[in-house]
$ cat protein_15.cif   # mmCIF, C-alpha atoms
data_data
loop_
_atom_site.label_atom_id
_atom_site.label_comp_id
_atom_site.auth_asym_id
_atom_site.auth_seq_id
_atom_site.Cartn_x
_atom_site.Cartn_y
_atom_site.Cartn_z
CA MET C 1 156.37 -25.62 -0.52
CA THR C 2 153.81 -28.44 -0.62
CA SER C 3 150.44 -27.51 0.90
CA PRO C 4 149.20 -29.55 3.87
CA ILE C 5 147.00 -32.50 2.98
CA ASN C 6 143.91 -33.76 4.78
CA VAL C 7 144.42 -37.23 6.23
CA THR C 8 142.09 -39.78 7.78
CA VAL C 9 143.27 -42.70 9.88
CA VAL C 10 141.26 -45.88 9.32
CA GLY C 11 141.39 -47.92 12.52
CA GLY C 12 142.43 -44.78 14.35
CA ALA C 13 141.64 -46.07 17.84
CA GLY C 14 143.84 -49.15 17.51
CA LEU C 15 147.34 -49.65 18.90
CA ILE C 16 149.12 -48.48 15.73
CA GLY C 17 146.28 -46.19 14.65
CA ARG C 18 146.76 -43.96 17.69
CA ARG C 19 150.46 -43.58 16.89
CA HIS C 20 149.59 -42.53 13.36
CA VAL C 21 147.00 -40.07 14.66
CA GLN C 22 149.51 -38.39 16.95
CA HIS C 23 152.06 -38.04 14.17
CA VAL C 24 149.44 -36.59 11.81
CA LEU C 25 148.57 -34.03 14.50
CA ASP C 26 152.23 -33.20 15.12
CA GLU C 27 153.27 -32.87 11.47
CA PRO C 28 152.74 -29.37 9.95
CA SER C 29 152.23 -30.80 6.44
CA THR C 30 149.22 -32.92 7.47
CA ILE C 31 145.77 -32.14 8.87
CA LEU C 32 143.72 -34.79 10.69
CA ALA C 33 140.42 -34.64 8.79
CA CYS C 34 138.58 -37.43 10.62
CA LEU C 35 138.80 -40.97 11.94
CA VAL C 36 137.27 -44.18 10.62
CA ASP C 37 136.59 -46.66 13.40
CA PRO C 38 133.47 -48.68 14.31
CA THR C 39 134.30 -49.18 17.98
CA PRO C 40 133.08 -47.29 21.06
CA ALA C 41 136.73 -46.49 21.75
CA GLY C 42 136.92 -44.87 18.34
CA ILE C 43 133.92 -42.65 19.07
CA ASP C 44 135.43 -41.54 22.37
CA PHE C 45 138.85 -40.96 20.79
CA ALA C 46 137.40 -38.84 17.97
CA ALA C 47 135.42 -36.81 20.49
CA SER C 48 138.56 -36.15 22.52
CA LEU C 49 140.24 -34.88 19.34
CA ASN C 50 137.18 -32.90 18.22
CA VAL C 51 137.20 -34.50 14.75
CA PRO C 52 134.43 -36.28 12.83
CA ILE C 53 134.25 -40.07 12.88
CA TYR C 54 132.81 -42.55 10.39
CA SER C 55 131.91 -46.14 11.16
CA ASP C 56 133.40 -47.48 7.92
CA LEU C 57 135.39 -46.33 4.91
CA PRO C 58 132.50 -46.42 2.37
CA SER C 59 130.56 -43.98 4.59
CA LEU C 60 133.49 -41.58 4.60
CA LEU C 61 134.02 -41.86 0.84
CA THR C 62 130.32 -41.18 0.25
CA ALA C 63 130.49 -38.08 2.46
CA ARG C 64 133.60 -36.99 0.59
CA SER C 65 131.96 -37.39 -2.81
CA ASN C 66 129.00 -35.34 -1.52
CA GLY C 67 131.36 -32.53 -0.54
CA GLU C 68 130.74 -32.94 3.18
CA ILE C 69 134.41 -33.48 4.07
CA LYS C 70 137.78 -33.09 2.38
CA VAL C 71 140.15 -36.05 2.50
CA ASP C 72 143.27 -36.35 0.35
CA ALA C 73 144.88 -39.43 1.87
CA ALA C 74 144.12 -42.31 4.22
CA ILE C 75 146.34 -44.24 6.60
CA ILE C 76 145.02 -47.79 6.83
CA ALA C 77 145.87 -49.20 10.26
CA THR C 78 143.45 -52.13 10.37
CA PRO C 79 143.79 -55.93 10.61
CA ASN C 80 146.04 -57.39 7.93
CA THR C 81 143.22 -59.13 6.04
CA THR C 82 141.51 -55.79 5.34
CA HIS C 83 144.49 -53.92 3.88
CA VAL C 84 143.89 -54.72 0.22
CA PRO C 85 140.09 -54.18 0.01
CA LEU C 86 140.37 -50.89 1.92
CA GLY C 87 143.34 -49.81 -0.19
CA ILE C 88 141.40 -50.50 -3.38
CA LEU C 89 138.40 -48.52 -2.08
CA CYS C 90 140.73 -45.56 -1.50
CA ILE C 91 142.57 -45.69 -4.79
CA ASP C 92 139.34 -46.15 -6.78
CA ALA C 93 138.05 -42.98 -5.07
CA ASP C 94 141.26 -41.09 -5.94
CA VAL C 95 142.41 -41.04 -2.31
CA SER C 96 146.08 -41.84 -1.70
CA ALA C 97 146.57 -44.64 0.81
CA LEU C 98 149.40 -45.45 3.18
CA VAL C 99 148.68 -49.11 3.93
CA GLU C 100 150.21 -50.55 7.07
CA LYS C 101 152.49 -53.51 6.64
CA PRO C 102 152.10 -56.21 5.53
CA VAL C 103 150.53 -54.87 2.35
CA SER C 104 148.37 -58.01 2.34
CA VAL C 105 148.23 -61.53 3.74
CA ASP C 106 148.98 -63.16 0.38
CA GLY C 107 150.79 -62.27 -2.81
CA ALA C 108 147.79 -62.64 -5.15
CA SER C 109 145.75 -59.98 -3.39
CA ALA C 110 148.80 -57.70 -3.15
CA ILE C 111 149.02 -57.84 -6.94
CA SER C 112 145.35 -56.82 -7.19
CA LEU C 113 146.16 -53.69 -5.17
CA ILE C 114 149.09 -52.90 -7.44
CA GLN C 115 146.80 -53.28 -10.45
CA ALA C 116 144.25 -50.90 -8.91
CA ALA C 117 147.01 -48.33 -8.40
CA GLU C 118 148.09 -48.73 -12.02
CA ARG C 119 144.51 -48.14 -13.20
CA ALA C 120 144.35 -44.96 -11.13
CA LYS C 121 147.60 -43.70 -12.59
CA ALA C 122 146.41 -44.50 -16.13
CA ARG C 123 143.27 -42.39 -15.69
CA GLY C 124 145.35 -39.45 -14.50
CA SER C 125 144.64 -39.73 -10.79
CA THR C 126 147.17 -38.29 -8.34
CA ALA C 127 146.28 -41.01 -5.81
CA ARG C 128 149.08 -43.42 -4.97
CA ILE C 129 149.64 -46.47 -2.75
CA LEU C 130 152.42 -46.48 -0.17
CA VAL C 131 153.21 -49.30 2.26
CA GLY C 132 153.94 -48.57 5.91
CA HIS C 133 157.34 -50.20 6.20
CA HIS C 134 158.29 -47.17 8.26
CA ARG C 135 161.66 -48.56 9.26
CA ARG C 136 162.97 -47.66 5.82
CA HIS C 137 162.75 -44.15 7.26
CA ASN C 138 164.46 -45.08 10.54
CA PRO C 139 167.74 -43.15 10.97
CA TYR C 140 169.66 -46.32 11.87
CA ILE C 141 168.41 -48.11 8.76
CA ARG C 142 169.14 -45.09 6.56
CA ALA C 143 172.65 -44.82 8.03
CA THR C 144 173.25 -48.55 7.59
CA LYS C 145 172.14 -48.50 3.97
CA LYS C 146 174.37 -45.51 3.30
CA ALA C 147 177.36 -47.30 4.83
CA VAL C 148 176.74 -50.53 2.89
CA ASP C 149 176.23 -48.64 -0.38
CA SER C 150 179.43 -46.62 0.18
CA GLY C 151 181.55 -49.78 0.21
CA VAL C 152 183.12 -49.02 3.60
CA LEU C 153 182.49 -52.66 4.62
CA GLY C 154 183.82 -54.03 1.35
CA LYS C 155 181.81 -56.85 -0.20
CA VAL C 156 179.08 -57.82 2.23
CA LEU C 157 179.11 -61.58 2.74
CA ALA C 158 176.58 -62.27 5.49
CA ILE C 159 174.18 -60.92 8.09
CA GLN C 160 173.10 -62.27 11.46
CA GLY C 161 169.82 -60.99 12.88
CA THR C 162 167.59 -61.41 15.93
CA TRP C 163 164.09 -60.25 16.74
CA ALA C 164 162.95 -61.59 20.11
CA LEU C 165 160.74 -60.24 22.90
CA LEU C 166 158.00 -61.41 25.25
CA LYS C 167 154.48 -60.28 24.35
CA ASP C 168 152.03 -60.01 27.22
CA PRO C 169 148.93 -62.26 27.40
CA GLU C 170 146.58 -59.29 26.91
CA TYR C 171 148.10 -58.66 23.48
CA PHE C 172 146.45 -61.84 22.26
CA ASN C 173 142.98 -60.82 23.40
CA VAL C 174 142.65 -59.33 19.90
CA THR C 175 141.50 -62.48 18.13
CA TRP C 176 143.03 -61.95 14.70
CA ARG C 177 146.53 -61.90 16.24
CA THR C 178 146.13 -65.61 17.04
CA VAL C 179 144.70 -66.67 13.67
CA VAL C 180 146.91 -68.43 11.11
CA GLY C 181 147.15 -66.34 7.98
CA ALA C 182 146.52 -63.07 9.80
CA GLY C 183 148.55 -63.03 13.04
CA GLY C 184 151.79 -64.49 14.36
CA PRO C 185 155.27 -62.95 14.42
CA ILE C 186 155.99 -63.83 10.79
CA LEU C 187 153.29 -61.52 9.44
CA ILE C 188 153.27 -59.01 12.29
CA ASN C 189 156.98 -58.67 13.10
CA MET C 190 159.27 -60.58 10.74
CA ILE C 191 157.78 -58.74 7.78
CA HIS C 192 159.50 -55.61 9.16
CA GLU C 193 162.86 -57.36 9.44
CA ILE C 194 162.59 -58.81 5.94
CA ASP C 195 161.82 -55.40 4.50
CA ASN C 196 164.73 -53.84 6.42
CA ILE C 197 167.27 -56.27 5.06
CA ARG C 198 165.78 -56.26 1.55
CA TYR C 199 166.01 -52.47 1.54
CA ILE C 200 169.66 -52.56 2.60
CA PHE C 201 170.97 -55.64 0.78
CA GLY C 202 168.60 -56.35 -2.11
CA ASP C 203 166.27 -59.20 -2.96
CA ILE C 204 166.18 -62.53 -1.12
CA THR C 205 166.01 -65.57 -3.36
CA SER C 206 165.52 -68.53 -1.00
CA VAL C 207 164.83 -69.39 2.65
CA PHE C 208 164.93 -72.39 4.97
CA VAL C 209 163.02 -72.27 8.27
CA GLU C 210 162.73 -74.43 11.39
CA ARG C 211 159.85 -73.82 13.81
CA GLY C 212 160.59 -73.76 17.52
CA ALA C 213 158.67 -74.86 20.61
CA GLN C 214 155.25 -73.48 21.57
CA THR C 215 154.56 -71.93 24.99
CA ARG C 216 150.97 -70.82 24.31
CA SER C 217 147.86 -72.59 23.06
CA HIS C 218 147.53 -70.48 19.90
CA ALA C 219 147.82 -72.00 16.43
CA VAL C 220 150.21 -69.32 15.17
CA GLU C 221 153.97 -69.74 15.41
CA GLU C 222 155.98 -68.23 18.26
CA THR C 223 159.63 -69.01 17.58
CA PHE C 224 161.57 -69.93 14.45
CA ALA C 225 165.06 -69.81 12.99
CA MET C 226 165.99 -69.46 9.35
CA THR C 227 168.71 -69.10 6.76
CA LEU C 228 168.47 -66.78 3.78
CA ARG C 229 170.22 -66.42 0.42
CA PHE C 230 170.30 -63.11 -1.43
CA GLU C 231 170.45 -62.33 -5.12
CA SER C 232 173.87 -60.76 -4.53
CA GLY C 233 175.24 -64.09 -3.26
CA MET C 234 175.36 -63.06 0.41
CA VAL C 235 173.75 -65.28 3.03
CA GLY C 236 172.11 -64.70 6.38
CA THR C 237 170.63 -66.22 9.51
CA PHE C 238 167.75 -64.91 11.60
CA VAL C 239 166.05 -65.97 14.83
CA CYS C 240 162.58 -64.66 15.65
CA SER C 241 160.41 -65.15 18.75
CA ASP C 242 157.56 -63.32 20.47
CA ALA C 243 157.78 -65.63 23.51
CA ALA C 244 161.34 -64.93 24.73
CA ALA C 245 162.38 -62.52 27.48
CA SER C 246 164.94 -60.62 25.43
CA PRO C 247 166.32 -57.13 24.71
CA TYR C 248 167.38 -58.28 21.22
CA ASN C 249 164.63 -56.81 19.06
CA TRP C 250 164.47 -53.72 16.87
CA GLU C 251 162.00 -51.86 19.07
CA SER C 252 164.08 -52.25 22.24
CA ALA C 253 167.39 -51.79 20.46
CA SER C 254 166.51 -48.58 18.61
CA GLY C 255 164.01 -47.00 20.98
CA GLU C 256 161.71 -46.52 18.00
CA ASN C 257 158.51 -47.47 19.82
CA PRO C 258 157.87 -45.13 22.78
CA LEU C 259 155.88 -47.89 24.52
CA ILE C 260 158.90 -50.24 24.67
CA PRO C 261 161.90 -49.31 26.86
CA LYS C 262 165.14 -48.79 24.95
CA THR C 263 168.07 -51.16 25.62
CA GLY C 264 170.47 -50.27 22.79
CA GLN C 265 171.56 -53.84 22.11
CA ALA C 266 172.82 -54.87 18.66
CA VAL C 267 170.31 -56.91 16.66
CA TYR C 268 172.04 -57.04 13.24
CA THR C 269 175.66 -58.00 12.62
CA ILE C 270 176.81 -57.29 9.08
CA LEU C 271 179.95 -59.08 7.89
CA GLY C 272 182.01 -57.66 5.02
CA THR C 273 185.46 -58.20 3.49
CA ARG C 274 186.74 -54.84 4.78
CA GLY C 275 184.88 -54.65 8.05
CA SER C 276 181.82 -55.54 10.09
CA LEU C 277 179.02 -53.41 11.50
CA SER C 278 176.69 -53.90 14.47
CA VAL C 279 173.28 -52.25 14.21
CA PRO C 280 171.83 -50.12 15.76
CA GLU C 281 175.00 -49.79 17.83
CA MET C 282 176.60 -48.42 14.61
CA ARG C 283 180.05 -49.67 15.57
CA ARG C 284 182.31 -50.61 12.65
CA TRP C 285 185.15 -53.07 13.23
CA HIS C 286 188.08 -53.06 10.78
CA TYR C 287 191.86 -53.55 10.56
CA ASP C 288 194.09 -50.55 11.05
CA SER C 289 194.86 -50.63 7.34
CA GLN C 290 192.14 -50.82 4.71
CA SER C 291 194.42 -52.65 2.30
CA THR C 292 196.01 -55.24 4.61
CA GLY C 293 195.14 -57.18 7.71
CA SER C 294 193.88 -60.63 8.56
CA TRP C 295 192.90 -62.77 11.52
CA MET C 296 196.13 -62.25 13.46
CA SER C 297 196.15 -58.49 12.94
CA VAL C 298 194.85 -56.06 15.55
CA MET C 299 191.31 -54.89 14.85
CA GLU C 300 190.10 -51.39 15.55
CA TYR C 301 186.64 -49.96 15.81
CA ASP C 302 185.10 -46.59 15.17
CA ASP C 303 181.71 -45.12 15.96
CA SER C 304 181.72 -42.40 13.31
CA LEU C 305 178.58 -43.77 11.66
CA LYS C 306 176.60 -42.66 14.71
CA ALA C 307 176.90 -39.13 13.32
CA GLU C 308 174.58 -40.19 10.49
CA VAL C 309 171.75 -40.85 12.95
CA ASP C 310 169.23 -38.05 13.55
CA ASP C 311 166.34 -37.92 16.03
CA ILE C 312 163.47 -37.40 13.56
CA PRO C 313 160.88 -40.17 14.13
CA PRO C 314 160.43 -42.62 11.22
CA PHE C 315 156.67 -41.99 11.24
CA THR C 316 157.41 -38.31 10.59
CA HIS C 317 159.63 -39.11 7.61
CA GLN C 318 156.94 -41.50 6.38
CA LEU C 319 154.24 -38.81 6.59
CA ILE C 320 156.43 -36.32 4.74
CA ASP C 321 156.93 -39.00 2.08
CA LEU C 322 153.14 -39.48 1.81
CA VAL C 323 152.62 -35.73 1.32
CA ALA C 324 155.31 -35.49 -1.37
CA VAL C 325 154.11 -38.63 -3.19
CA HIS C 326 150.51 -37.42 -3.17
CA ALA C 327 151.70 -34.12 -4.66
CA GLY C 328 153.47 -36.00 -7.46
CA GLU C 329 156.90 -34.77 -6.36
CA LYS C 330 158.53 -38.18 -5.90
CA GLU C 331 158.08 -41.93 -5.86
CA PRO C 332 157.36 -43.70 -2.54
CA VAL C 333 160.23 -44.90 -0.39
CA CYS C 334 158.17 -48.10 -0.09
CA SER C 335 155.78 -48.67 -2.97
CA ALA C 336 153.09 -51.33 -3.25
CA GLU C 337 155.50 -53.31 -5.44
CA GLU C 338 158.22 -53.19 -2.78
CA GLY C 339 155.72 -54.17 -0.11
CA ALA C 340 154.64 -57.13 -2.24
CA LYS C 341 158.24 -58.30 -2.71
CA SER C 342 158.72 -58.42 1.06
CA LEU C 343 155.42 -60.28 1.37
CA PHE C 344 156.56 -62.92 -1.15
CA VAL C 345 159.57 -63.58 1.09
CA VAL C 346 157.25 -63.96 4.09
CA GLU C 347 155.12 -66.43 2.12
CA ALA C 348 158.26 -68.44 1.39
CA ILE C 349 159.16 -68.36 5.10
CA THR C 350 155.73 -69.70 6.03
CA LYS C 351 155.89 -72.43 3.38
CA SER C 352 159.38 -73.50 4.46
CA MET C 353 158.32 -73.64 8.11
CA GLN C 354 155.36 -75.85 7.18
CA THR C 355 157.28 -78.17 4.83
CA ARG C 356 160.74 -78.02 6.47
CA GLN C 357 162.16 -77.61 2.99
CA LEU C 358 164.27 -74.98 1.23
CA VAL C 359 161.87 -72.67 -0.61
CA GLU C 360 162.63 -70.39 -3.53
CA VAL C 361 161.01 -66.97 -3.20
CA GLU C 362 158.28 -66.35 -5.76
CA ARG C 363 159.22 -63.48 -8.05
CA PRO C 364 156.30 -62.62 -10.34
CA ALA C 365 156.49 -59.67 -12.71
CA LEU C 366 155.10 -56.62 -10.88
#
$ encode --input "protein_15.cif" --output "structure tokens"
Amino acid sequence: MTSPINVTVVGGAGLIGRRHVQHVLDEPSTILACLVDPTPAGIDFAASLNVPIYSDLPSLLTARSNGEIKVDAAIIATPNTTHVPLGILCIDADVSALVEKPVSVDGASAISLIQAAERAKARGSTARILVGHHRRHNPYIRATKKAVDSGVLGKVLAIQGTWALLKDPEYFNVTWRTVVGAGGPILINMIHEIDNIRYIFGDITSVFVERGAQTRSHAVEETFAMTLRFESGMVGTFVCSDAAASPYNWESASGENPLIPKTGQAVYTILGTRGSLSVPEMRRWHYDSQSTGSWMSVMEYDDSLKAEVDDIPPFTHQLIDLVAVHAGEKEPVCSAEEGAKSLFVVEAITKSMQTRQLVEVERPAL
């Protein structure tokens, strides 16, 4: 059995940082070594947990090199623009890093993180980079991928998706969330959806995006709609908004985030030649015969795929993955390369929204 590893959470007093901290505390295979956070809230939070706190990552790494504290891995839950430099600091110090999504705010810097990880591996370091696309570990996503891969839907032709909710005004009091290139629902929220559907259906090759109306004074986008084409030939549509009063978003639909009330509404509709699937409802529609049936035939549905869904939180699966990857037992469920591929799609979305043109997704060798 893998021994527990010592974990620090960088940005531990933040909205996502606190969730990571709780899961590290709850998971038997991880030990919360300390927090890294420069804020008064961070000092108070660390005191309440009775763990050491460092004002910045270099201070922690110096203390670690001096033998003052043991840290095997870091969870980086800081503003998007800091993910790459903090990830490189970790990997250069032989500390594994789980970097929150998006892996970076641009593809070029994401590649620099991948290169740092490759250098670490070449020198024999056990440190690895993982990207916090935790929904790859979500039971509904795992069950959906299993169903698609099994062929029960036949050839998948298309997907319809929605992510829409109403963020409160206080959410935007954190300045970076309103800054182009750092905040906005493309980088903060749509990156999750893109990674979900890439994980299930494979790479996206092109996108076309239309921006919607603004209801706030911020420069970042609020609402947009897009079409997607996949390498497999399937197509998709997606609507995204953080300004709409709506239950049609992954958090509400799945109940994944304990701070957001669960509604259970379907947010993905997957259309195949042998059947269709609504997610996370996990209801499969099909004809009564798998070999015959068409538009005038009676359709049936079954909910048997719900049996594939367990109640283990995605953050728990993600932590277990971090422990196993750090121990050299497996490859990450979401590597830096996979995180970068999702980011390249997001860059294409942003470019298409700005130019109102079809954009091919950049696909550099990684």
$ closest_residue --input "protein_15.cif" --among "C:Leu271, C:Leu60, C:Val71, C:Ile91" --to "Gly124 (chain C)" --atoms "all atoms listed in the file"
C:Ile91
$ resolve_selection --input "protein_15.cif" --expression "the PyMOL selection byres ((chain C and resi 41-50) around 10)" --output "list in words"
Gly11, Gly12, Ala13, Gly14, Arg18, Val21, Leu25, Leu32, Cys34, Leu35, Val36, Asp37, Pro38, Thr39, Pro40, Val51, Pro52, Ile53, Tyr54 and Ser55 of chain C
$ resolve_selection --input "protein_15.cif" --expression "the PyMOL selection byres ((chain C and resi 200) around 8)" --output "list of chain:residue names"
C:Ile141, C:Thr144, C:Lys145, C:Val148, C:Asn196, C:Ile197, C:Arg198, C:Tyr199, C:Phe201, C:Gly202
$ resolve_selection --input "protein_15.cif" --expression "the PyMOL selection byres ((chain C and resi 132) around 6)" --output "VMD selection string"
chain C and resid 99 to 101 131 133 to 134
$ closest_residue --input "protein_15.cif" --among "C:Val95, C:Val346, C:Ala266, C:Met353" --to "Thr162 (chain C)" --atoms "only C-alpha atoms"
C:Ala266
$ closest_residue --input "protein_15.cif" --among "C:Thr126, C:Ser278, C:Thr227, C:Ser241" --to "Ala213 (chain C)" --atoms "only C-alpha atoms"
C:Ser241
$ atom_distance --input "protein_15.cif" --atom1 "CA of Thr215 (chain C)" --atom2 "CA of Gln354 (chain C)"
18.3 Å
$ closest_residue --input "protein_15.cif" --among "C:Val180, C:Val235, C:Ala108, C:Leu322" --to "His218 (chain C)" --atoms "all atoms listed in the file"
C:Val180
$ atom_distance --input "protein_15.cif" --atom1 "CA of His326 (chain C)" --atom2 "CA of Ser125 (chain C)"
9.9 Å
$ closest_residue --input "protein_15.cif" --among "C:Ile194, C:Val152, C:Ile312, C:Cys240" --to "Glu221 (chain C)" --atoms "only C-alpha atoms"
C:Cys240
$ residues_around --input "protein_15.cif" --residues "Phe230 (chain C)" --least-positions-apart "2" --cutoff "10 Å" --atoms "only C-alpha atoms" --output "list in words"
Leu157, Ala158, Ile197, Arg198, Phe201, Gly202, Asp203, Ile204, Thr205, Ser206, Val207, Leu228, Ser232, Gly233, Met234, Val235 and Gly236 of chain C
